[in-house]
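The file final-v3.json comes next; it holds JSON, C-alpha atoms.
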```json
[["chain", "number", "residue", "atom", "x", "y", "z"],
["G", 1, "MET", "CA", 9.24, -18.75, -11.57],
["G", 2, "PHE", "CA", 11.14, -15.80, -13.02],
["G", 3, "SER", "CA", 9.72, -13.40, -15.63],
["G", 4, "LEU", "CA", 11.52, -10.78, -17.71],
["G", 5, "VAL", "CA", 9.59, -8.14, -19.68],
["G", 6, "ILE", "CA", 11.25, -6.47, -22.69],
["G", 7, "PRO", "CA", 9.43, -3.98, -24.98],
["G", 8, "ILE", "CA", 10.44, -4.05, -28.64],
["G", 9, "PHE", "CA", 9.86, -1.45, -31.35],
["G", 10, "ASN", "CA", 11.61, -1.80, -34.72],
["G", 11, "GLU", "CA", 14.71, -3.54, -33.36],
["G", 12, "GLU", "CA", 15.25, -6.18, -36.06],
["G", 13, "LYS", "CA", 18.99, -5.41, -36.25],
["G", 14, "LEU", "CA", 19.66, -6.49, -32.68],
["G", 15, "ILE", "CA", 17.00, -9.14, -31.99],
["G", 16, "ASP", "CA", 19.43, -12.05, -32.39],
["G", 17, "GLU", "CA", 22.00, -10.54, -30.02],
["G", 18, "LEU", "CA", 19.31, -9.49, -27.55],
["G", 19, "VAL", "CA", 17.69, -12.93, -27.37],
["G", 20, "GLY", "CA", 21.02, -14.75, -27.19],
["G", 21, "ARG", "CA", 22.48, -12.68, -24.37],
["G", 22, "THR", "CA", 19.21, -12.50, -22.45],
["G", 23, "VAL", "CA", 18.47, -16.24, -22.56],
["G", 24, "GLU", "CA", 22.05, -17.03, -21.54],
["G", 25, "ALA", "CA", 21.89, -14.60, -18.60],
["G", 26, "VAL", "CA", 18.47, -15.72, -17.32],
["G", 27, "SER", "CA", 19.08, -19.46, -17.72],
["G", 28, "SER", "CA", 22.24, -19.12, -15.64],
["G", 29, "PHE", "CA", 20.21, -18.49, -12.46],
["G", 30, "ALA", "CA", 16.65, -19.66, -13.22],
["G", 31, "SER", "CA", 15.52, -23.00, -14.61],
["G", 32, "ASP", "CA", 11.83, -22.06, -14.62],
["G", 33, "TYR", "CA", 11.55, -18.76, -16.47],
["G", 34, "GLU", "CA", 9.71, -16.82, -19.14],
["G", 35, "ILE", "CA", 11.00, -13.93, -21.22],
["G", 36, "ILE", "CA", 8.13, -11.76, -22.45],
["G", 37, "PHE", "CA", 8.87, -9.68, -25.54],
["G", 38, "VAL", "CA", 6.21, -7.04, -26.17],
["G", 39, "ASP", "CA", 6.18, -6.04, -29.83],
["G", 40, "ASP", "CA", 4.90, -2.46, -29.71],
["G", 41, "GLY", "CA", 3.55, -2.28, -33.25],
["G", 42, "SER", "CA", 6.86, -2.76, -35.06],
["G", 43, "SER", "CA", 6.79, -2.11, -38.81],
["G", 44, "ASP", "CA", 10.02, -4.01, -39.56],
["G", 45, "LYS", "CA", 10.82, -7.72, -39.15],
["G", 46, "SER", "CA", 11.21, -7.64, -35.35],
["G", 47, "LEU", "CA", 8.14, -9.82, -34.77],
["G", 48, "ASP", "CA", 9.17, -12.36, -37.42],
["G", 49, "LYS", "CA", 12.62, -12.72, -35.88],
["G", 50, "LEU", "CA", 11.15, -13.12, -32.40],
["G", 51, "LEU", "CA", 8.82, -15.86, -33.67],
["G", 52, "LEU", "CA", 11.79, -17.75, -35.12],
["G", 53, "HIS", "CA", 13.50, -17.69, -31.76],
["G", 54, "ARG", "CA", 10.28, -18.79, -30.03],
["G", 55, "GLU", "CA", 10.22, -21.92, -32.17],
["G", 56, "LYS", "CA", 13.58, -22.91, -30.66],
["G", 57, "ASN", "CA", 12.88, -21.82, -27.09],
["G", 58, "LYS", "CA", 9.40, -22.34, -25.63],
["G", 59, "ASN", "CA", 10.28, -20.15, -22.63],
["G", 60, "LEU", "CA", 9.84, -17.11, -24.86],
["G", 61, "THR", "CA", 6.46, -15.41, -24.89],
["G", 62, "ILE", "CA", 5.63, -12.75, -27.47],
["G", 63, "ILE", "CA", 2.84, -10.22, -27.05],
["G", 64, "SER", "CA", 2.00, -8.40, -30.26],
["G", 65, "LEU", "CA", 0.15, -5.11, -29.73],
["G", 66, "SER", "CA", -2.32, -3.84, -32.32],
["G", 67, "ARG", "CA", -0.27, -0.68, -32.90],
["G", 68, "ASN", "CA", 2.44, 1.42, -31.29],
["G", 69, "PHE", "CA", 1.14, 2.51, -27.87],
["G", 70, "GLY", "CA", 4.43, 3.74, -26.44],
["G", 71, "HIS", "CA", 7.19, 2.51, -24.20],
["G", 72, "GLN", "CA", 5.34, 2.67, -20.87],
["G", 73, "ALA", "CA", 2.19, 1.03, -22.24],
["G", 74, "ALA", "CA", 4.25, -1.83, -23.74],
["G", 75, "TYR", "CA", 5.92, -2.41, -20.38],
["G", 76, "SER", "CA", 2.49, -2.41, -18.71],
["G", 77, "ALA", "CA", 1.20, -5.05, -21.15],
["G", 78, "GLY", "CA", 4.12, -7.33, -20.33],
["G", 79, "LEU", "CA", 3.87, -6.80, -16.59],
["G", 80, "GLU", "CA", 0.15, -7.62, -16.58],
["G", 81, "HIS", "CA", 0.83, -10.96, -18.29],
["G", 82, "ALA", "CA", 3.94, -11.90, -16.30],
["G", 83, "ARG", "CA", 3.43, -15.03, -14.17],
["G", 84, "GLY", "CA", 6.68, -15.04, -12.25],
["G", 85, "ASP", "CA", 7.17, -14.78, -8.51],
["G", 86, "ILE", "CA", 9.98, -12.38, -9.40],
["G", 87, "VAL", "CA", 9.56, -10.07, -12.41],
["G", 88, "ALA", "CA", 12.20, -7.91, -14.10],
["G", 89, "MET", "CA", 11.95, -5.04, -16.58],
["G", 90, "MET", "CA", 14.64, -4.34, -19.17],
["G", 91, "ASP", "CA", 14.83, -2.12, -22.26],
["G", 92, "GLY", "CA", 15.27, -3.87, -25.59],
["G", 93, "ASP", "CA", 18.20, -1.85, -26.95],
["G", 94, "LEU", "CA", 20.89, -3.64, -24.88],
["G", 95, "GLN", "CA", 21.81, -0.44, -23.07],
["G", 96, "ASP", "CA", 20.64, -2.29, -19.96],
["G", 97, "PRO", "CA", 23.11, -5.21, -19.74],
["G", 98, "PRO", "CA", 21.30, -8.58, -19.38],
["G", 99, "GLU", "CA", 24.34, -9.92, -17.54],
["G", 100, "LEU", "CA", 23.45, -7.67, -14.60],
["G", 101, "LEU", "CA", 20.24, -9.65, -14.02],
["G", 102, "VAL", "CA", 22.26, -12.30, -12.16],
["G", 103, "GLU", "CA", 23.42, -9.80, -9.55],
["G", 104, "MET", "CA", 19.95, -8.26, -9.24],
["G", 105, "TYR", "CA", 18.40, -11.71, -8.77],
["G", 106, "ARG", "CA", 20.95, -12.62, -6.14],
["G", 107, "LYS", "CA", 20.21, -9.42, -4.26],
["G", 108, "ILE", "CA", 16.42, -9.69, -4.35],
["G", 109, "THR", "CA", 16.43, -13.37, -3.29],
["G", 110, "SER", "CA", 18.58, -12.61, -0.27],
["G", 111, "GLY", "CA", 15.32, -11.75, 1.52],
["G", 112, "ASP", "CA", 16.22, -8.15, 2.28],
["G", 113, "TYR", "CA", 14.53, -6.43, -0.67],
["G", 114, "ASP", "CA", 11.20, -6.42, -2.50],
["G", 115, "VAL", "CA", 12.49, -4.22, -5.35],
["G", 116, "VAL", "CA", 15.97, -3.90, -6.82],
["G", 117, "ASP", "CA", 16.55, -0.85, -9.02],
["G", 118, "GLY", "CA", 19.26, -0.50, -11.62],
["G", 119, "LYS", "CA", 21.11, 2.72, -10.86],
["G", 120, "LYS", "CA", 23.10, 4.37, -13.65],
["G", 121, "SER", "CA", 26.50, 5.37, -12.30],
["G", 122, "SER", "CA", 27.47, 6.81, -15.69],
["G", 123, "ARG", "CA", 26.43, 6.72, -19.33],
["G", 124, "ARG", "CA", 28.06, 6.03, -22.65],
["G", 125, "GLY", "CA", 26.75, 7.11, -26.01],
["G", 126, "ASN", "CA", 25.27, 10.35, -27.33],
["G", 127, "LYS", "CA", 26.50, 13.20, -25.12],
["G", 128, "GLY", "CA", 23.53, 15.42, -25.90],
["G", 129, "ARG", "CA", 20.99, 12.78, -24.87],
["G", 130, "ASN", "CA", 23.06, 11.92, -21.81],
["G", 131, "LEU", "CA", 23.13, 15.59, -20.77],
["G", 132, "TYR", "CA", 19.35, 15.76, -21.18],
["G", 133, "ALA", "CA", 18.92, 12.66, -19.00],
["G", 134, "VAL", "CA", 21.25, 14.00, -16.29],
["G", 135, "LEU", "CA", 19.43, 17.35, -16.24],
["G", 136, "PHE", "CA", 16.05, 15.62, -15.95],
["G", 137, "HIS", "CA", 17.13, 13.39, -13.05],
["G", 138, "ASN", "CA", 18.69, 16.33, -11.20],
["G", 139, "ILE", "CA", 15.61, 18.53, -11.70],
["G", 140, "PHE", "CA", 13.22, 15.71, -10.79],
["G", 141, "ARG", "CA", 15.18, 14.95, -7.63],
["G", 142, "ILE", "CA", 14.82, 18.60, -6.55],
["G", 143, "ILE", "CA", 11.20, 19.32, -7.46],
["G", 144, "GLY", "CA", 9.63, 15.84, -7.41],
["G", 145, "ASP", "CA", 7.56, 14.55, -4.53],
["G", 146, "LEU", "CA", 9.58, 11.29, -4.65],
["G", 147, "LYS", "CA", 12.94, 11.88, -3.01],
["G", 148, "ASP", "CA", 14.43, 8.39, -3.25],
["G", 149, "MET", "CA", 14.97, 8.34, -7.03],
["G", 150, "ASP", "CA", 18.50, 8.92, -8.23],
["G", 151, "ASN", "CA", 19.30, 7.94, -11.83],
["G", 152, "TYR", "CA", 16.78, 5.09, -11.76],
["G", 153, "GLY", "CA", 15.11, 4.04, -14.99],
["G", 154, "ASN", "CA", 12.99, 1.10, -16.10],
["G", 155, "PHE", "CA", 15.70, -1.53, -15.48],
["G", 156, "SER", "CA", 14.59, -3.21, -12.26],
["G", 157, "MET", "CA", 13.39, -6.39, -10.57],
["G", 158, "MET", "CA", 10.36, -6.87, -8.29],
["G", 159, "LYS", "CA", 8.85, -9.56, -6.15],
["G", 160, "ARG", "CA", 5.23, -10.47, -6.81],
["G", 161, "ASN", "CA", 3.84, -8.42, -3.90],
["G", 162, "ALA", "CA", 5.53, -5.25, -5.18],
["G", 163, "LEU", "CA", 4.38, -5.96, -8.74],
["G", 164, "GLU", "CA", 0.77, -6.42, -7.62],
["G", 165, "ALA", "CA", 0.94, -3.06, -5.84],
["G", 166, "LEU", "CA", 2.31, -1.43, -8.99],
["G", 167, "LEU", "CA", -0.38, -2.99, -11.19],
["G", 168, "SER", "CA", -3.11, -1.77, -8.83],
["G", 169, "MET", "CA", -2.29, 1.80, -9.90],
["G", 170, "SER", "CA", -4.62, 2.45, -12.81],
["G", 171, "GLU", "CA", -3.52, 5.85, -14.13],
["G", 172, "LYS", "CA", -3.29, 6.21, -17.89],
["G", 173, "VAL", "CA", -0.44, 8.74, -17.99],
["G", 174, "ARG", "CA", 2.39, 6.57, -16.73],
["G", 175, "TYR", "CA", 5.95, 6.98, -15.55],
["G", 176, "LEU", "CA", 6.84, 3.52, -14.29],
["G", 177, "PRO", "CA", 10.06, 4.41, -12.42],
["G", 178, "GLY", "CA", 8.07, 6.96, -10.40],
["G", 179, "MET", "CA", 5.23, 4.51, -9.80],
["G", 180, "ARG", "CA", 7.74, 1.88, -8.70],
["G", 181, "SER", "CA", 9.16, 4.32, -6.16],
["G", 182, "PHE", "CA", 5.72, 5.46, -5.01],
["G", 183, "ILE", "CA", 4.58, 1.99, -3.90],
["G", 184, "GLY", "CA", 7.28, 1.89, -1.24],
["G", 185, "PHE", "CA", 8.43, -1.57, -0.04],
["G", 186, "ARG", "CA", 12.09, -2.33, 0.59],
["G", 187, "HIS", "CA", 14.31, -1.08, -2.22],
["G", 188, "GLY", "CA", 17.86, -2.07, -3.06],
["G", 189, "GLU", "CA", 20.01, -1.00, -5.97],
["G", 190, "VAL", "CA", 22.68, -2.32, -8.29],
["G", 191, "GLU", "CA", 24.91, 0.21, -10.03],
["G", 192, "PHE", "CA", 25.88, -0.14, -13.68],
["G", 193, "VAL", "CA", 27.22, 1.87, -16.59],
["G", 194, "ARG", "CA", 24.50, 2.42, -19.18],
["G", 195, "ASP", "CA", 25.99, 1.22, -22.43],
["G", 196, "ASN", "CA", 25.72, 2.40, -26.04],
["G", 197, "ARG", "CA", 23.02, 0.95, -28.23],
["G", 198, "PHE", "CA", 24.28, -2.34, -29.63],
["G", 199, "ARG", "CA", 22.99, -1.50, -33.10],
["G", 200, "GLY", "CA", 20.55, 0.84, -34.84],
["G", 201, "LYS", "CA", 19.17, 4.23, -33.85],
["G", 202, "SER", "CA", 17.27, 5.11, -30.72],
["G", 203, "LYS", "CA", 13.49, 4.98, -31.08],
["G", 204, "MET", "CA", 13.06, 7.51, -28.26],
["G", 205, "SER", "CA", 13.40, 10.88, -29.98],
["G", 206, "LEU", "CA", 14.12, 14.01, -27.98],
["G", 207, "ARG", "CA", 10.44, 14.91, -28.38],
["G", 208, "ARG", "CA", 9.36, 11.60, -26.83],
["G", 209, "LEU", "CA", 11.93, 11.97, -24.07],
["G", 210, "PHE", "CA", 10.59, 15.45, -23.33],
["G", 211, "ILE", "CA", 7.02, 14.14, -23.18],
["G", 212, "LEU", "CA", 8.09, 11.34, -20.83],
["G", 213, "ALA", "CA", 9.92, 13.85, -18.62],
["G", 214, "SER", "CA", 6.81, 16.07, -18.58],
["G", 215, "ASP", "CA", 4.64, 13.11, -17.60],
["G", 216, "ALA", "CA", 7.03, 12.34, -14.74],
["G", 217, "ILE", "CA", 7.07, 15.91, -13.43],
["G", 218, "PHE", "CA", 3.35, 16.58, -13.74],
["G", 219, "SER", "CA", 2.45, 13.16, -12.28],
["G", 220, "PHE", "CA", 4.80, 13.24, -9.30],
["G", 221, "SER", "CA", 5.30, 16.91, -8.52],
["G", 222, "HIS", "CA", 3.13, 19.85, -7.49],
["G", 223, "PHE", "CA", 6.02, 22.22, -8.21],
["G", 224, "PRO", "CA", 4.73, 23.62, -11.56],
["G", 225, "ILE", "CA", 1.43, 24.78, -10.11],
["G", 226, "ARG", "CA", 3.16, 25.97, -6.93],
["G", 227, "LEU", "CA", 5.60, 27.95, -9.07],
["G", 228, "CYS", "CA", 2.67, 29.68, -10.75],
["G", 229, "LEU", "CA", 1.33, 30.71, -7.34],
["G", 230, "ILE", "CA", 4.73, 32.02, -6.25],
["G", 231, "LEU", "CA", 5.32, 33.98, -9.47],
["G", 232, "GLY", "CA", 1.79, 35.34, -9.39],
["G", 233, "THR", "CA", 2.25, 36.53, -5.82],
["G", 234, "LEU", "CA", 5.63, 38.10, -6.60],
["G", 235, "GLY", "CA", 4.21, 39.78, -9.69],
["G", 236, "THR", "CA", 1.33, 41.21, -7.67],
["G", 237, "LEU", "CA", 3.73, 42.63, -5.06],
["G", 238, "VAL", "CA", 6.02, 44.10, -7.73],
["G", 239, "PHE", "CA", 3.21, 45.85, -9.56],
["G", 240, "MET", "CA", 1.65, 47.08, -6.34],
["G", 241, "GLY", "CA", 4.98, 48.74, -5.65],
["G", 242, "ALA", "CA", 5.11, 50.01, -9.23],
["G", 243, "GLY", "CA", 1.59, 51.41, -8.84],
["G", 244, "ILE", "CA", 2.59, 53.31, -5.70],
["G", 245, "TRP", "CA", 5.63, 54.69, -7.54],
["G", 246, "VAL", "CA", 3.45, 55.82, -10.51],
["G", 247, "ILE", "CA", 1.10, 57.67, -8.20],
["G", 248, "PHE", "CA", 4.04, 59.31, -6.43],
["G", 249, "ALA", "CA", 5.64, 60.27, -9.77],
["G", 250, "LYS", "CA", 2.40, 61.80, -11.02],
["G", 251, "VAL", "CA", 1.88, 63.82, -7.86],
["G", 252, "THR", "CA", 5.46, 65.10, -7.76],
["G", 253, "GLY", "CA", 5.62, 65.71, -11.49],
["G", 254, "ILE", "CA", 8.66, 63.54, -12.17],
["G", 255, "ALA", "CA", 6.82, 61.06, -14.35],
["G", 256, "VAL", "CA", 8.41, 60.56, -17.77],
["G", 257, "PRO", "CA", 5.85, 60.74, -20.60],
["G", 258, "GLY", "CA", 5.60, 57.77, -22.95],
["G", 259, "TRP", "CA", 4.03, 54.36, -23.41],
["G", 260, "SER", "CA", 7.08, 52.08, -23.06],
["G", 261, "SER", "CA", 6.51, 51.17, -19.43],
["G", 262, "THR", "CA", 2.81, 50.58, -20.06],
["G", 263, "LEU", "CA", 3.43, 48.28, -23.02],
["G", 264, "LEU", "CA", 6.15, 46.38, -21.22],
["G", 265, "SER", "CA", 3.83, 45.83, -18.26],
["G", 266, "ILE", "CA", 1.06, 44.56, -20.52],
["G", 267, "TYR", "CA", 3.36, 42.19, -22.38],
["G", 268, "PHE", "CA", 4.89, 40.92, -19.15],
["G", 269, "LEU", "CA", 1.55, 40.23, -17.51],
["G", 270, "GLY", "CA", 0.19, 38.67, -20.70],
["G", 271, "SER", "CA", 3.18, 36.31, -20.95],
["G", 272, "ILE", "CA", 2.86, 35.28, -17.31],
["G", 273, "GLN", "CA", -0.84, 34.55, -17.79],
["G", 274, "LEU", "CA", -0.12, 32.41, -20.86],
["G", 275, "VAL", "CA", 2.49, 30.42, -18.93],
["G", 276, "PHE", "CA", 0.01, 29.90, -16.09],
["G", 277, "LEU", "CA", -2.68, 28.77, -18.52],
["G", 278, "GLY", "CA", -0.22, 26.34, -20.12],
["G", 279, "VAL", "CA", 0.71, 24.79, -16.76],
["G", 280, "VAL", "CA", -2.93, 24.51, -15.69],
["G", 281, "GLY", "CA", -3.74, 23.10, -19.13],
["G", 282, "GLU", "CA", -1.17, 20.31, -18.64],
["G", 283, "TYR", "CA", -2.88, 19.23, -15.44],
["G", 284, "VAL", "CA", -6.34, 19.53, -17.02],
["G", 285, "PHE", "CA", -5.23, 17.48, -20.04],
["G", 286, "ARG", "CA", -3.91, 14.69, -17.82],
["G", 287, "ASN", "CA", -7.10, 14.73, -15.80],
["G", 288, "TYR", "CA", -9.03, 14.49, -19.07],
["G", 289, "LYS", "CA", -6.93, 11.50, -20.17],
["G", 290, "GLU", "CA", -7.71, 9.75, -16.90],
["G", 291, "SER", "CA", -11.44, 10.47, -17.16],
["G", 292, "GLN", "CA", -11.57, 8.94, -20.67],
["G", 293, "ASN", "CA", -10.58, 5.62, -19.07],
["G", 294, "ARG", "CA", -9.38, 4.17, -22.35],
["G", 295, "PRO", "CA", -7.32, 0.97, -22.24],
["G", 296, "LEU", "CA", -3.56, 1.49, -22.23],
["G", 297, "PHE", "CA", -3.11, -0.98, -25.08],
["G", 298, "PHE", "CA", -4.84, -3.53, -27.30],
["G", 299, "ILE", "CA", -3.31, -6.95, -27.90],
["G", 300, "ARG", "CA", -3.42, -8.34, -31.43],
["G", 301, "LYS", "CA", -2.05, -11.77, -30.56],
["G", 302, "ILE", "CA", -0.15, -13.58, -27.82],
["G", 303, "TYR", "CA", 2.40, -16.24, -28.75],
["G", 304, "ASP", "CA", 3.34, -18.30, -25.72],
["G", 305, "GLY", "CA", 5.23, -21.56, -25.36],
["G", 306, "LYS", "CA", 2.13, -23.71, -25.64],
["G", 307, "SER", "CA", -0.44, -21.92, -27.75],
["G", 308, "GLN", "CA", -1.34, -18.82, -29.68],
["G", 309, "LYS", "CA", -4.17, -16.61, -28.32]]
```
This structure in structure tokens:
Amino acid sequence: MFSLVIPIFNEEKLIDELVGRTVEAVSSFASDYEIIFVDDGSSDKSLDKLLLHREKNKNLTIISLSRNFGHQAAYSAGLEHARGDIVAMMDGDLQDPPELLVEMYRKITSGDYDVVDGKKSSRRGNKGRNLYAVLFHNIFRIIGDLKDMDNYGNFSMMKRNALEALLSMSEKVRYLPGMRSFIGFRHGEVEFVRDNRFRGKSKMSLRRLFILASDAIFSFSHFPIRLCLILGTLGTLVFMGAGIWVIFAKVTGIAVPGWSSTLLSIYFLGSIQLVFLGVVGEYVFRNYKESQNRPLFFIRKIYDGKSQK
């Protein structure tokens, strides 16, 4: 059985195109399949449109969450309920082409791979957002503890054993592409050009993208806290040298009177300390989120091909 998980948030303008292209792509290589749409608390008519399509195609399953829990939580809800031996993840804005699923399925069923990642060779669309994405992937590749991620996003396909390993990771602050890389197994890739949105505006604002990037870096990199240690050590050495120079200047009488250097030193050290506290605070906050152990999501209702739960 093949499962495809697609999170949806206020996408009523492209639901018809999304369902049509996705069903056509999946049914071309799998006769036994389910497509799981996770409605992440949409306030428009996305859910109503999905239910209309479900009446015509019983292979569609719809999970309606009680409110908007976020992109990664919606994916997690769908993955936990997927029953397939092979499970795919795809964004619901049609920037991930459903037609590529055929090639990914062919590659993963060849027996050589447990995970097939969609690798973005280039991007269309908003240049500012694309630049932000490129910068993030380049920075993450340099400072992240995971070195085998290169322009990978959520678009992917996994065998059941890899999915079970992914689901066994219970952290609350999630970056699924990083978690998918962390589990290991045999990875393959299929390159594609990430397309424009088919219709409507992106629901991932720059603020949300920044938060997701922060979650990725703080979850899979020790670089921020290591940078604090390096800067703190360098600052200590610099001001030890400055202290020696001040003593020498006082003794020799070449010291220039005034408070500028003193104030600059105070402001510099104060700023460094605030940065350090902010970095430490990010790690403490994430540790606090984990210790709360709250569920990632709450399900309002599940509409499957046979019943409503």
| query | With only C-alpha atoms as the basis for distance, which of G:Val102, G:Leu50, G:Val87, G:Ile244 is at the shortest distance from Asn161 (chain G)? | reply |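 So, comparing all the options, the nearest one is G:Val87.
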| query | Looking at all atoms listed in the file, which of G:Arg54, G:His71, G:Lys119, G:Arg83 is the one that sits closest to Arg160 (chain G)? | reply |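 Selected residue with least distance to Arg160 (chain G): G:Arg83.
A straight line drawn from CA of Ser168 (chain G) to CA of Gly92 (chain G) is 25.0 Å long.
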| request: Find, counting all atoms listed in the file, the residue in G:Thr61, G:Ser42, G:Ser28, G:Ser66 that gets nearest to Phe298 (chain G). | output: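 Closest residue, counting all atoms listed in the file: G:Ser66.
CA of Asn154 (chain G) lies 10.9 Å from CA of Lys120 (chain G).
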| said: Give me, as a PyMOL selection string, all polymer residues having an atom no more than 12 Å from Pro7 (chain G), counting only C-alpha atoms and skipping those fewer than 5 positions away in the same chain. | reply: chain G and resi 15+18+35-42+46-47+50+61-65+68-79+88-94+154-155+203
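CA of Leu14 (chain G) to CA of Leu101 (chain G) spans 18.9 Å [interatomic distance, one decimal].
Among the candidates G:Ser27, G:Gln95, G:Ser170, G:Ser110, the one nearest to Arg294 (chain G) when counting only C-alpha atoms is G:Ser170.
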